[in-house]
$ cat run-v1.csv   # CSV, C-alpha atoms
chain,number,residue,atom,x,y,z
W,1,MET,CA,23.6,-2.8,-19.0
W,2,THR,CA,23.3,0.8,-20.3
W,3,MET,CA,19.6,0.3,-20.7
W,4,ALA,CA,19.3,-0.7,-17.1
W,5,LEU,CA,21.4,2.4,-16.2
W,6,VAL,CA,19.1,4.6,-18.2
W,7,LEU,CA,16.1,3.1,-16.4
W,8,ASP,CA,17.6,3.5,-12.9
W,9,ALA,CA,18.8,7.0,-13.6
W,10,SER,CA,15.3,8.1,-14.9
W,11,LEU,CA,13.7,6.4,-11.9
W,12,VAL,CA,16.0,8.3,-9.5
W,13,LEU,CA,15.3,11.6,-11.3
W,14,LEU,CA,11.5,11.0,-11.2
W,15,ILE,CA,11.7,10.2,-7.4
W,16,VAL,CA,13.7,13.2,-6.5
W,17,GLY,CA,11.5,15.4,-8.8
W,18,ILE,CA,8.2,14.2,-7.3
W,19,ALA,CA,9.6,14.4,-3.8
W,20,THR,CA,10.6,18.0,-4.4
W,21,TRP,CA,7.3,18.8,-5.9
W,22,THR,CA,5.4,17.3,-3.0
W,23,VAL,CA,7.3,19.5,-0.5
W,24,VAL,CA,7.1,22.7,-2.6
W,25,VAL,CA,3.4,22.6,-3.7
W,26,ARG,CA,1.2,24.7,-1.5
W,27,ASP,CA,-2.2,22.9,-1.4
W,28,ALA,CA,-2.7,19.8,0.7
W,29,PHE,CA,-4.5,17.7,-1.9
W,30,PRO,CA,-1.9,17.9,-4.8
W,31,ALA,CA,0.8,17.3,-2.2
W,32,ILE,CA,-1.0,14.0,-1.1
W,33,ALA,CA,-1.4,13.0,-4.8
W,34,GLY,CA,2.3,13.6,-5.3
W,35,TYR,CA,3.1,11.6,-2.2
W,36,ALA,CA,1.1,8.6,-3.4
W,37,VAL,CA,2.9,8.7,-6.7
W,38,TYR,CA,6.2,9.0,-4.8
W,39,GLY,CA,5.3,5.8,-2.9
W,40,LEU,CA,4.6,3.9,-6.1
W,41,LEU,CA,7.9,5.1,-7.7
W,42,LEU,CA,9.7,4.1,-4.5
W,43,ALA,CA,8.2,0.6,-4.8
W,44,LEU,CA,9.7,0.4,-8.3
W,45,ALA,CA,13.0,1.4,-6.9
W,46,TRP,CA,12.8,-1.4,-4.4
W,47,VAL,CA,12.0,-3.8,-7.2
W,48,ARG,CA,15.2,-2.6,-9.0
W,49,LEU,CA,17.1,-3.3,-5.8
W,50,ALA,CA,15.7,-6.8,-5.9
W,51,ALA,CA,13.9,-6.2,-2.6
W,52,VAL,CA,10.4,-7.4,-3.7
W,53,ASP,CA,9.1,-7.7,-0.1
W,54,ALA,CA,9.9,-4.1,0.6
W,55,ALA,CA,8.4,-3.1,-2.8
W,56,LEU,CA,5.1,-4.9,-2.0
W,57,THR,CA,4.8,-3.2,1.4
W,58,GLU,CA,5.8,0.2,0.0
W,59,ALA,CA,3.2,-0.1,-2.8
W,60,ALA,CA,0.4,-1.2,-0.4
W,61,ILE,CA,1.2,1.1,2.5
W,62,GLY,CA,3.1,4.1,1.0
W,63,GLY,CA,1.3,4.2,-2.3
W,64,GLY,CA,-2.2,3.1,-1.2
W,65,LEU,CA,-3.2,3.2,2.4
W,66,THR,CA,-1.2,6.2,3.6
W,67,GLY,CA,-2.6,8.2,0.7
W,68,VAL,CA,-6.2,7.4,1.7
W,69,LEU,CA,-5.4,8.3,5.4
W,70,LEU,CA,-3.9,11.6,4.3
W,71,ILE,CA,-6.8,12.5,2.0
W,72,ARG,CA,-9.2,12.0,4.8
W,73,ALA,CA,-7.1,14.2,7.1
W,74,ALA,CA,-6.9,16.9,4.3
W,75,VAL,CA,-10.7,16.8,3.9
W,76,ARG,CA,-11.1,17.3,7.7
W,77,LEU,CA,-8.6,20.2,7.7
W,78,ARG,CA,-10.0,21.9,4.6
W,79,SER,CA,-12.1,24.4,6.6
W,80,THR,CA,-9.0,25.5,8.5
W,81,GLU,CA,-6.5,25.5,5.6
W,82,ALA,CA,-7.0,29.2,4.6
W,83,ALA,CA,-6.4,30.3,8.2
W,84,ALA,CA,-3.3,28.1,8.5
W,85,ARG,CA,-1.8,29.6,5.4
W,86,ALA,CA,-2.5,33.2,6.6
W,87,GLU,CA,-0.2,32.8,9.5
W,88,SER,CA,2.9,32.1,7.3
W,89,PRO,CA,6.2,32.0,9.3
W,90,GLY,CA,8.7,34.8,9.0
W,91,PRO,CA,11.8,34.5,6.7
W,92,LEU,CA,14.2,33.9,9.6
W,93,PHE,CA,12.1,30.9,10.8
W,94,ARG,CA,11.9,29.5,7.3
W,95,LEU,CA,15.6,29.9,6.8
W,96,PHE,CA,16.2,28.0,10.1
W,97,ALA,CA,13.8,25.2,9.0
W,98,ALA,CA,15.5,24.9,5.6
W,99,LEU,CA,19.0,24.8,7.2
W,100,LEU,CA,17.8,22.2,9.7
W,101,ALA,CA,16.3,20.0,7.0
W,102,ALA,CA,19.3,20.4,4.7
W,103,GLY,CA,21.7,19.6,7.5
W,104,PHE,CA,19.8,16.5,8.4
W,105,ALA,CA,19.8,15.3,4.7
W,106,ALA,CA,23.5,16.0,4.5
W,107,LEU,CA,24.1,14.0,7.7
W,108,LEU,CA,22.2,11.1,6.3
W,109,ALA,CA,24.1,11.3,3.0
W,110,ILE,CA,27.5,11.4,4.9
W,111,VAL,CA,26.5,8.3,6.9
W,112,ILE,CA,25.3,6.3,3.9
W,113,LEU,CA,28.2,7.3,1.6
W,114,GLY,CA,30.6,6.6,4.5
W,115,LEU,CA,29.6,3.0,4.9
W,116,PRO,CA,32.6,0.6,4.3
W,117,ASP,CA,32.5,-1.3,1.0
W,118,PRO,CA,31.3,-4.1,1.2
W,119,ALA,CA,28.7,-2.9,3.7
W,120,PRO,CA,28.5,-4.9,7.0
W,121,THR,CA,25.9,-7.6,6.5
W,122,LEU,CA,24.3,-10.5,8.3
W,123,THR,CA,23.1,-12.1,5.1
W,124,PRO,CA,25.5,-15.1,5.3
W,125,GLU,CA,24.4,-15.9,8.9
W,126,VAL,CA,20.7,-15.7,7.8
W,127,ALA,CA,21.4,-18.0,4.8
W,128,GLU,CA,23.3,-20.4,7.0
W,129,ASN,CA,20.6,-20.7,9.7
W,130,MET,CA,17.4,-20.4,7.6
W,131,ALA,CA,16.9,-24.1,7.3
W,132,VAL,CA,16.1,-24.3,11.0
W,133,THR,CA,12.9,-22.2,10.5
W,134,GLY,CA,11.6,-24.3,7.6
W,135,LEU,CA,10.9,-21.1,5.6
W,136,GLY,CA,12.0,-20.3,2.1
W,137,ASN,CA,11.7,-16.5,2.2
W,138,ALA,CA,14.7,-15.0,4.0
W,139,VAL,CA,12.8,-11.8,4.8
W,140,THR,CA,10.0,-13.7,6.6
W,141,ALA,CA,12.7,-15.7,8.5
W,142,VAL,CA,14.3,-12.5,9.7
W,143,LEU,CA,11.0,-10.8,10.6
W,144,LEU,CA,9.4,-13.7,12.4
W,145,ALA,CA,12.3,-15.8,13.7
W,146,PHE,CA,15.7,-13.9,14.0
W,147,ARG,CA,14.2,-10.5,14.8
W,148,ALA,CA,10.8,-11.5,16.0
W,149,ILE,CA,10.9,-8.9,18.9
W,150,ASP,CA,11.0,-6.0,16.4
W,151,THR,CA,8.0,-7.4,14.5
W,152,LEU,CA,6.1,-7.8,17.8
W,153,LEU,CA,6.7,-4.2,18.8
W,154,GLU,CA,5.7,-3.0,15.3
W,155,ALA,CA,2.3,-4.7,15.7
W,156,VAL,CA,1.8,-3.0,19.1
W,157,VAL,CA,2.7,0.4,17.6
W,158,LEU,CA,-0.2,0.0,15.1
W,159,VAL,CA,-2.7,-0.6,17.9
W,160,PHE,CA,-1.3,2.5,19.7
W,161,ALA,CA,-1.9,4.6,16.6
W,162,LEU,CA,-5.5,3.5,16.5
W,163,ILE,CA,-5.9,4.4,20.2
W,164,ALA,CA,-4.6,7.8,19.4
W,165,VAL,CA,-7.2,8.2,16.6
W,166,TRP,CA,-10.0,7.0,19.0
W,167,THR,CA,-9.0,9.6,21.6
W,168,LEU,CA,-10.3,12.2,19.2
W,169,THR,CA,-13.9,10.9,19.8
W,170,PRO,CA,-16.3,13.5,21.2
W,171,ASP,CA,-17.7,12.3,24.6
W,172,ASP,CA,-21.2,11.8,23.3
W,173,TYR,CA,-20.2,9.3,20.6
W,174,TRP,CA,-17.8,7.2,22.7
W,175,GLY,CA,-18.5,3.6,21.9
W,176,GLY,CA,-20.5,4.5,18.8
W,177,ARG,CA,-19.9,3.7,15.1
W,178,PRO,CA,-16.8,5.2,13.6
W,179,GLY,CA,-16.9,7.4,10.5
W,180,PRO,CA,-19.7,8.9,8.6
W,181,LYS,CA,-22.6,6.8,7.3
W,182,TYR,CA,-22.1,6.3,3.6
W,183,ALA,CA,-25.4,6.4,1.7
W,184,THR,CA,-24.8,5.4,-1.9
W,185,ASP,CA,-27.0,4.2,-4.7
W,186,PRO,CA,-27.6,0.5,-4.0
W,187,ASP,CA,-27.6,-0.2,-7.7
W,188,GLY,CA,-24.8,2.2,-8.4
W,189,LEU,CA,-21.3,1.8,-9.6
W,190,LEU,CA,-19.6,1.7,-6.2
W,191,ALA,CA,-22.0,-0.9,-4.9
W,192,TYR,CA,-21.3,-3.0,-7.9
W,193,LEU,CA,-17.5,-2.7,-7.4
W,194,GLY,CA,-18.1,-3.4,-3.7
W,195,ARG,CA,-19.8,-6.7,-4.5
W,196,LEU,CA,-17.5,-7.8,-7.3
W,197,LEU,CA,-14.0,-7.0,-6.0
W,198,PRO,CA,-13.9,-8.2,-2.3
W,199,PRO,CA,-14.2,-11.9,-3.1
W,200,LEU,CA,-11.3,-11.6,-5.6
W,201,GLY,CA,-9.3,-9.3,-3.3
W,202,ILE,CA,-9.7,-11.8,-0.4
W,203,VAL,CA,-8.4,-14.6,-2.5
W,204,VAL,CA,-5.4,-12.5,-3.6
W,205,ALA,CA,-4.7,-11.5,0.0
W,206,ILE,CA,-4.7,-15.1,1.3
W,207,TYR,CA,-2.5,-16.0,-1.6
W,208,VAL,CA,0.0,-13.2,-0.7
W,209,PHE,CA,-0.1,-14.3,2.9
W,210,TRP,CA,0.4,-18.0,2.1
W,211,ILE,CA,3.2,-17.5,-0.4
W,212,GLY,CA,5.0,-15.2,2.1
W,213,ALA,CA,6.6,-18.2,3.7
W,214,ASP,CA,8.7,-19.0,0.7
W,215,LEU,CA,8.4,-16.0,-1.7
W,216,PRO,CA,7.9,-12.3,-1.4
W,217,GLY,CA,4.7,-11.6,0.4
W,218,GLY,CA,3.4,-11.9,3.9
W,219,LYS,CA,1.0,-10.8,6.6
W,220,PHE,CA,1.5,-7.0,6.2
W,221,GLN,CA,0.8,-6.8,2.5
W,222,ALA,CA,-2.1,-9.3,2.8
W,223,GLY,CA,-3.6,-7.4,5.8
W,224,THR,CA,-3.5,-4.2,3.8
W,225,LEU,CA,-5.3,-5.8,1.0
W,226,LEU,CA,-8.0,-7.2,3.3
W,227,ALA,CA,-8.3,-3.7,4.9
W,228,ALA,CA,-8.8,-2.2,1.5
W,229,MET,CA,-11.5,-4.7,0.6
W,230,TRP,CA,-13.3,-4.0,3.9
W,231,LEU,CA,-13.1,-0.2,3.4
W,232,LEU,CA,-14.5,-0.6,-0.2
W,233,THR,CA,-17.6,-2.4,1.2
W,234,ILE,CA,-17.9,0.4,3.8
W,235,ILE,CA,-17.6,3.3,1.4
W,236,ALA,CA,-19.9,1.6,-1.1
W,237,GLY,CA,-22.5,1.6,1.7
W,238,LEU,CA,-22.9,-2.2,1.7
W,239,GLN,CA,-22.0,-2.5,5.4
W,240,ASP,CA,-21.5,-0.3,8.4
W,241,PRO,CA,-18.3,-0.4,10.5
W,242,PRO,CA,-19.2,-2.0,14.0
W,243,PRO,CA,-19.4,0.2,17.1
W,244,VAL,CA,-15.9,0.6,18.7
W,245,SER,CA,-17.3,-0.7,22.0
W,246,ARG,CA,-17.9,-4.2,20.6
W,247,ARG,CA,-15.8,-6.8,22.5
W,248,TRP,CA,-15.2,-9.0,19.5
W,249,LEU,CA,-13.8,-6.0,17.6
W,250,ARG,CA,-11.3,-5.2,20.3
W,251,GLY,CA,-10.4,-8.9,20.5
W,252,LEU,CA,-9.6,-8.9,16.8
W,253,LEU,CA,-7.5,-5.8,17.3
W,254,VAL,CA,-5.1,-7.4,19.8
W,255,LEU,CA,-5.4,-11.0,18.5
W,256,GLY,CA,-2.1,-10.9,16.6
W,257,THR,CA,-0.2,-9.4,19.5
W,258,VAL,CA,-1.7,-11.8,22.0
W,259,VAL,CA,-1.0,-14.9,19.9
W,260,PHE,CA,2.6,-13.6,19.3
W,261,VAL,CA,3.2,-12.9,23.0
W,262,ALA,CA,1.7,-16.3,24.0
W,263,ILE,CA,3.8,-18.2,21.6
W,264,GLY,CA,6.8,-16.1,22.6
W,265,PHE,CA,6.3,-17.0,26.3
W,266,ALA,CA,5.7,-20.6,25.4
W,267,GLY,CA,9.2,-20.5,23.9
W,268,TRP,CA,10.6,-20.1,27.4
W,269,PRO,CA,9.9,-23.6,28.7
W,270,LEU,CA,9.9,-25.3,25.3
W,271,ALA,CA,13.0,-23.9,23.6
W,272,GLY,CA,14.9,-22.1,26.3
W,273,TYR,CA,14.2,-18.4,25.9
W,274,PHE,CA,11.5,-15.8,25.0
W,275,LEU,CA,10.3,-15.8,21.4
W,276,ALA,CA,12.3,-19.0,20.6
W,277,TYR,CA,10.5,-21.7,18.6
W,278,PRO,CA,10.9,-25.4,19.3
W,279,GLU,CA,13.0,-26.5,16.3
W,280,SER,CA,10.7,-29.0,14.6
W,281,HIS,CA,7.6,-26.8,14.9
W,282,ALA,CA,9.0,-23.4,13.8
W,283,LYS,CA,7.2,-23.1,10.5
W,284,PRO,CA,3.6,-24.0,11.8
W,285,LEU,CA,4.1,-21.7,14.7
W,286,ILE,CA,5.2,-18.8,12.5
W,287,LEU,CA,2.2,-19.4,10.2
W,288,VAL,CA,-0.1,-19.2,13.2
W,289,ILE,CA,1.4,-15.9,14.3
W,290,GLU,CA,1.3,-14.6,10.7
W,291,ALA,CA,-2.4,-15.5,10.3
W,292,ALA,CA,-3.4,-13.9,13.6
W,293,SER,CA,-1.3,-10.8,12.8
W,294,MET,CA,-2.9,-10.5,9.4
W,295,VAL,CA,-6.4,-10.3,10.8
W,296,SER,CA,-5.3,-7.8,13.5
W,297,ILE,CA,-3.4,-5.7,10.9
W,298,ALA,CA,-6.4,-5.7,8.5
W,299,VAL,CA,-8.9,-4.6,11.2
W,300,THR,CA,-6.5,-2.0,12.7
W,301,LEU,CA,-5.6,-0.4,9.3
W,302,GLY,CA,-9.3,-0.4,8.3
W,303,LEU,CA,-10.4,1.4,11.5
W,304,LEU,CA,-7.4,3.8,11.2
W,305,VAL,CA,-8.8,5.0,7.8
W,306,VAL,CA,-12.4,5.0,9.0
W,307,GLY,CA,-11.5,7.4,11.9
W,308,PRO,CA,-12.9,8.1,15.3
W,309,PRO,CA,-16.6,7.4,16.2
W,310,GLU,CA,-18.8,10.1,14.8
W,311,ARG,CA,-22.3,8.6,15.6
W,312,SER,CA,-24.0,7.4,18.7
W,313,ASN,CA,-24.4,3.6,19.1
W,314,GLY,CA,-27.9,3.4,17.7
W,315,SER,CA,-27.7,5.2,14.3
D,316,MET,CA,9.6,-20.1,-34.1
D,317,SER,CA,11.4,-18.3,-31.4
D,318,PHE,CA,12.2,-15.5,-33.9
D,319,LEU,CA,8.5,-15.2,-34.6
D,320,LEU,CA,7.7,-15.0,-30.9
D,321,ASP,CA,10.4,-12.3,-30.4
D,322,LEU,CA,9.0,-10.4,-33.3
D,323,TRP,CA,5.5,-10.6,-31.8
D,324,THR,CA,6.8,-9.4,-28.4
D,325,VAL,CA,8.6,-6.4,-30.0
D,326,LEU,CA,5.5,-5.5,-32.1
D,327,ALA,CA,2.9,-5.8,-29.3
D,328,VAL,CA,5.0,-4.1,-26.6
D,329,SER,CA,5.9,-1.3,-29.0
D,330,ALA,CA,2.2,-0.8,-29.9
D,331,GLY,CA,1.4,-0.8,-26.1
D,332,VAL,CA,4.0,1.8,-25.5
D,333,PHE,CA,2.6,3.9,-28.3
D,334,PHE,CA,-0.8,3.8,-26.6
D,335,PHE,CA,0.7,4.8,-23.3
D,336,LEU,CA,2.5,7.7,-25.0
D,337,ALA,CA,-0.7,8.8,-26.8
D,338,GLY,CA,-2.6,8.6,-23.5
D,339,THR,CA,-0.1,10.7,-21.7
D,340,VAL,CA,0.0,13.3,-24.5
D,341,GLY,CA,-3.8,13.4,-24.3
D,342,LEU,CA,-3.8,13.7,-20.5
D,343,LEU,CA,-1.5,16.7,-20.8
D,344,ARG,CA,-3.1,18.4,-23.8
D,345,PHE,CA,-6.8,17.8,-23.7
D,346,PRO,CA,-9.0,20.7,-22.6
D,347,ASP,CA,-11.3,19.3,-19.9
D,348,THR,CA,-11.6,16.4,-17.4
D,349,LEU,CA,-13.9,14.2,-19.4
D,350,THR,CA,-11.6,14.2,-22.5
D,351,ARG,CA,-8.6,13.7,-20.3
D,352,LEU,CA,-10.2,10.6,-18.7
D,353,HIS,CA,-11.0,9.3,-22.2
D,354,ALA,CA,-7.3,9.6,-23.1
D,355,LEU,CA,-6.2,7.9,-19.9
D,356,THR,CA,-8.4,4.9,-20.3
D,357,LYS,CA,-6.8,4.2,-23.7
D,358,ALA,CA,-3.4,3.9,-22.1
D,359,ASP,CA,-4.7,1.7,-19.3
D,360,ASN,CA,-6.8,-0.7,-21.3
D,361,LEU,CA,-5.1,-1.0,-24.7
D,362,GLY,CA,-1.6,0.0,-23.7
D,363,LEU,CA,-1.3,-2.4,-20.8
D,364,GLY,CA,-3.2,-5.1,-22.7
D,365,LEU,CA,-0.8,-5.1,-25.6
D,366,VAL,CA,2.2,-5.1,-23.3
D,367,VAL,CA,0.8,-8.1,-21.4
D,368,LEU,CA,0.0,-9.9,-24.7
D,369,GLY,CA,3.5,-9.2,-25.9
D,370,LEU,CA,5.1,-10.5,-22.8
D,371,LEU,CA,3.0,-13.7,-22.6
D,372,PRO,CA,5.4,-15.9,-24.8
D,373,HIS,CA,8.2,-15.1,-22.4
D,374,VAL,CA,6.6,-16.0,-19.1
D,375,GLY,CA,7.6,-19.6,-19.2
D,376,SER,CA,4.8,-21.0,-17.0
D,377,LEU,CA,1.0,-21.2,-17.3
D,378,MET,CA,0.5,-19.8,-13.8
D,379,GLY,CA,2.7,-16.9,-14.6
D,380,ALA,CA,0.8,-16.2,-17.8
D,381,LEU,CA,-2.5,-16.4,-15.9
D,382,LYS,CA,-1.2,-14.0,-13.3
D,383,LEU,CA,-0.2,-11.5,-16.0
D,384,ILE,CA,-3.6,-11.7,-17.6
D,385,CYS,CA,-5.3,-11.3,-14.1
D,386,VAL,CA,-3.2,-8.1,-13.6
D,387,TRP,CA,-4.5,-6.7,-16.8
D,388,LEU,CA,-8.1,-7.6,-15.9
D,389,PHE,CA,-7.8,-6.0,-12.5
D,390,VAL,CA,-6.4,-2.8,-14.0
D,391,LEU,CA,-9.3,-2.9,-16.6
D,392,LEU,CA,-11.8,-3.2,-13.7
D,393,ALA,CA,-10.2,-0.5,-11.5
D,394,GLY,CA,-9.6,1.9,-14.4
D,395,ALA,CA,-13.1,1.7,-15.8
D,396,ASN,CA,-14.7,2.1,-12.4
D,397,ALA,CA,-12.4,4.9,-11.2
D,398,SER,CA,-12.9,6.9,-14.4
D,399,GLN,CA,-16.7,6.5,-14.2
D,400,LEU,CA,-16.6,7.7,-10.6
D,401,ILE,CA,-14.5,10.7,-11.5
D,402,ALA,CA,-16.7,11.5,-14.5
D,403,ARG,CA,-19.8,11.3,-12.3
D,404,PHE,CA,-18.3,13.6,-9.7
D,405,VAL,CA,-17.3,16.1,-12.4
D,406,LYS,CA,-20.8,16.0,-13.9
D,407,ARG,CA,-22.4,16.6,-10.5
D,408,SER,CA,-20.1,19.4,-9.4
D,409,GLU,CA,-20.4,21.3,-12.7
D,410,PRO,CA,-23.6,23.3,-13.3
D,411,PRO,CA,-25.4,22.1,-16.5
D,412,ALA,CA,-24.4,24.2,-19.5
$ encode --input "run-v1.csv" --output "structure tokens"
Amino acid sequence: MTMALVLDASLVLLIVGIATWTVVVRDAFPAIAGYAVYGLLLALAWVRLAAVDAALTEAAIGGGLTGVLLIRAAVRLRSTEAAARAESPGPLFRLFAALLAAGFAALLAIVILGLPDPAPTLTPEVAENMAVTGLGNAVTAVLLAFRAIDTLLEAVVLVFALIAVWTLTPDDYWGGRPGPKYATDPDGLLAYLGRLLPPLGIVVAIYVFWIGADLPGGKFQAGTLLAAMWLLTIIAGLQDPPPVSRRWLRGLLVLGTVVFVAIGFAGWPLAGYFLAYPESHAKPLILVIEAASMVSIAVTLGLLVVGPPERSNGS
Amino acid sequence: MSFLLDLWTVLAVSAGVFFFLAGTVGLLRFPDTLTRLHALTKADNLGLGLVVLGLLPHVGSLMGALKLICVWLFVLLAGANASQLIARFVKRSEPPA
């Protein structure tokens, strides 16, 4: 008991400490490193709260993928960083920003500490009705059956983010290959890792996806793993990302959403309303949606990291 | 028998924690990037390996044990490659002495 308390307390101290450091530190790169560590510590906090699904997502997205995205952004901004620092805001502006941020944090604290005890929960209803879905993991049941509309909109948001990245393309390169061309030593270390790791990573990703029906895991974590493996082969110079004008690529991007919406509309005649599953077929339908979404999430996340097209179609 | 297994767990995990501690001290105290990398790989490889070996008797299932060993092997692979890449970058960006 006391040991667990010591562990939790030190975890909280570490999280608050690294969060403060991430905000206070002046350079972009150390701030990003701090943010990635913050994500991993937050994943540990989720594990301590017995929310393993959230922990897996936080480790994959917060600790891994967001860090890579931010590093790429920082490298792009490096040439302008000195200029941005020169125009430092005045003391009054900074005071105002600090007050605003502190006020917002205080508001959040008041709301969370003011929750009635025990907090309002829908857990009993989920546990009661979960058998209908045929799933063993309550989180997957909520995400894909009880609150499917939220998950559907989340998948759409990801594609919108990628469209926002693609709008940064210079006119000449529209439809070309995204990102720089990585030329690495074909016998080098990265190429070795790029050949060795993806087969193992793909097996792990499919395992994480498959187990998600009954245990912590699922399409988002698996899709992130697949995206990481794809990015590794790109950075190792083993393959080039396809030109963004390819029809099959765009098809893969929207595959998850299209399958989700199609099954959702099929629910109207078959089960009575939008996004409802016919009772005996809930689990296979959910697996089909998850599989299609996993592919779309992997491709979207990978292309988000690679960035807008930087080369014309031929090169 | 279970006493011996518990003793093994305590010994191996303690030894693993010692390597993590030594690796962390090295990371903080060593003078340049290459020596700091050297300290760090000790924590990753030996420290985590000993912790995994120590926990094996308590996993309860063969699949669980295999997963733990896989975690260690993945960390070995990632750690070795990442430190090689960092070392190569350092070597390239520093002018030869």
$ atom_distance --input "run-v1.csv" --atom1 "CA of Tyr277 in chain W" --atom2 "CA of Thr133 in chain W"
8.5 Å
$ interface_residues --input "run-v1.csv" --of "chain D" --to "chain W" --cutoff "9 Å" --atoms "only C-alpha atoms" --output "PyMOL selection string"
chain D and resi 392-393+396+399-400
$ write_last_selection --input "run-v1.csv" --atoms "C-alpha atoms" --output "mmCIF file, in the coordinates of the input"
data_model
loop_
_atom_site.group_PDB
_atom_site.id
_atom_site.type_symbol
_atom_site.label_atom_id
_atom_site.label_comp_id
_atom_site.auth_asym_id
_atom_site.auth_seq_id
_atom_site.Cartn_x
_atom_site.Cartn_y
_atom_site.Cartn_z
ATOM 1 C CA LEU D 392 -11.800 -3.200 -13.700
ATOM 2 C CA ALA D 393 -10.200 -0.500 -11.500
ATOM 3 C CA ASN D 396 -14.700 2.100 -12.400
ATOM 4 C CA GLN D 399 -16.700 6.500 -14.200
ATOM 5 C CA LEU D 400 -16.600 7.700 -10.600
#
$ closest_residue --input "run-v1.csv" --among "W:Val204, W:Ala51, W:Val305, W:Ala102" --to "Pro180 in chain W" --atoms "only C-alpha atoms"
W:Val305
$ atom_distance --input "run-v1.csv" --atom1 "CA of Val47 in chain W" --atom2 "CA of Ile18 in chain W"
18.4 Å
$ residues_around --input "run-v1.csv" --residues "Ile401 in chain D" --least-positions-apart "3" --cutoff "9 Å" --atoms "all atoms listed in the file" --output "list in words"
Thr348, Leu349, Leu352, Asn396, Ala397, Ser398, Phe404, Val405 and Lys406 of chain D
$ closest_residue --input "run-v1.csv" --among "D:Met316, D:Val390, D:Leu322, D:Val328" --to "Leu368 in chain D" --atoms "only C-alpha atoms"
D:Val328
$ residues_around --input "run-v1.csv" --residues "range 330-333 of chain D" --least-positions-apart "4" --cutoff "9 Å" --atoms "all atoms listed in the file" --output "PyMOL selection string"
chain D and resi 325-326+337-338+358+361-367+369
$ atom_distance --input "run-v1.csv" --atom1 "CA of Leu226 in chain W" --atom2 "CA of Ile61 in chain W"
12.4 Å
$ decode --input "run-v1.csv" --residues "range 251-264 of chain W" --atoms "N, CA and C atoms" --output "short mmCIF file (atom, residue, chain, number, x, y, z; two decimals), in the first residue's frame"
data_model
loop_
_atom_site.label_atom_id
_atom_site.label_comp_id
_atom_site.auth_asym_id
_atom_site.auth_seq_id
_atom_site.Cartn_x
_atom_site.Cartn_y
_atom_site.Cartn_z
N GLY W 251 -7.53 6.32 -51.96
CA GLY W 251 -8.52 5.33 -51.57
C GLY W 251 -8.24 4.76 -50.20
N LEU W 252 -6.95 4.43 -49.94
CA LEU W 252 -6.58 3.88 -48.63
C LEU W 252 -6.84 4.90 -47.52
N LEU W 253 -6.62 6.19 -47.82
CA LEU W 253 -6.80 7.22 -46.80
C LEU W 253 -8.24 7.27 -46.29
N VAL W 254 -9.20 7.08 -47.20
CA VAL W 254 -10.60 7.21 -46.79
C VAL W 254 -11.27 5.84 -46.59
N LEU W 255 -10.51 4.76 -46.78
CA LEU W 255 -11.10 3.41 -46.69
C LEU W 255 -11.85 3.20 -45.38
N GLY W 256 -11.17 3.53 -44.26
CA GLY W 256 -11.77 3.30 -42.95
C GLY W 256 -13.08 4.05 -42.79
N THR W 257 -13.06 5.34 -43.17
CA THR W 257 -14.27 6.16 -43.03
C THR W 257 -15.39 5.64 -43.93
N VAL W 258 -15.04 5.28 -45.18
CA VAL W 258 -16.06 4.82 -46.12
C VAL W 258 -16.71 3.53 -45.61
N VAL W 259 -15.88 2.58 -45.15
CA VAL W 259 -16.43 1.32 -44.64
C VAL W 259 -17.31 1.59 -43.43
N PHE W 260 -16.82 2.47 -42.53
CA PHE W 260 -17.56 2.82 -41.32
C PHE W 260 -18.93 3.40 -41.68
N VAL W 261 -18.93 4.39 -42.60
CA VAL W 261 -20.18 5.05 -42.97
C VAL W 261 -21.11 4.07 -43.68
N ALA W 262 -20.53 3.20 -44.56
CA ALA W 262 -21.36 2.24 -45.29
C ALA W 262 -22.06 1.29 -44.33
N ILE W 263 -21.28 0.76 -43.37
CA ILE W 263 -21.89 -0.16 -42.40
C ILE W 263 -22.88 0.60 -41.53
N GLY W 264 -22.55 1.88 -41.24
CA GLY W 264 -23.46 2.70 -40.45
C GLY W 264 -24.80 2.88 -41.14
#
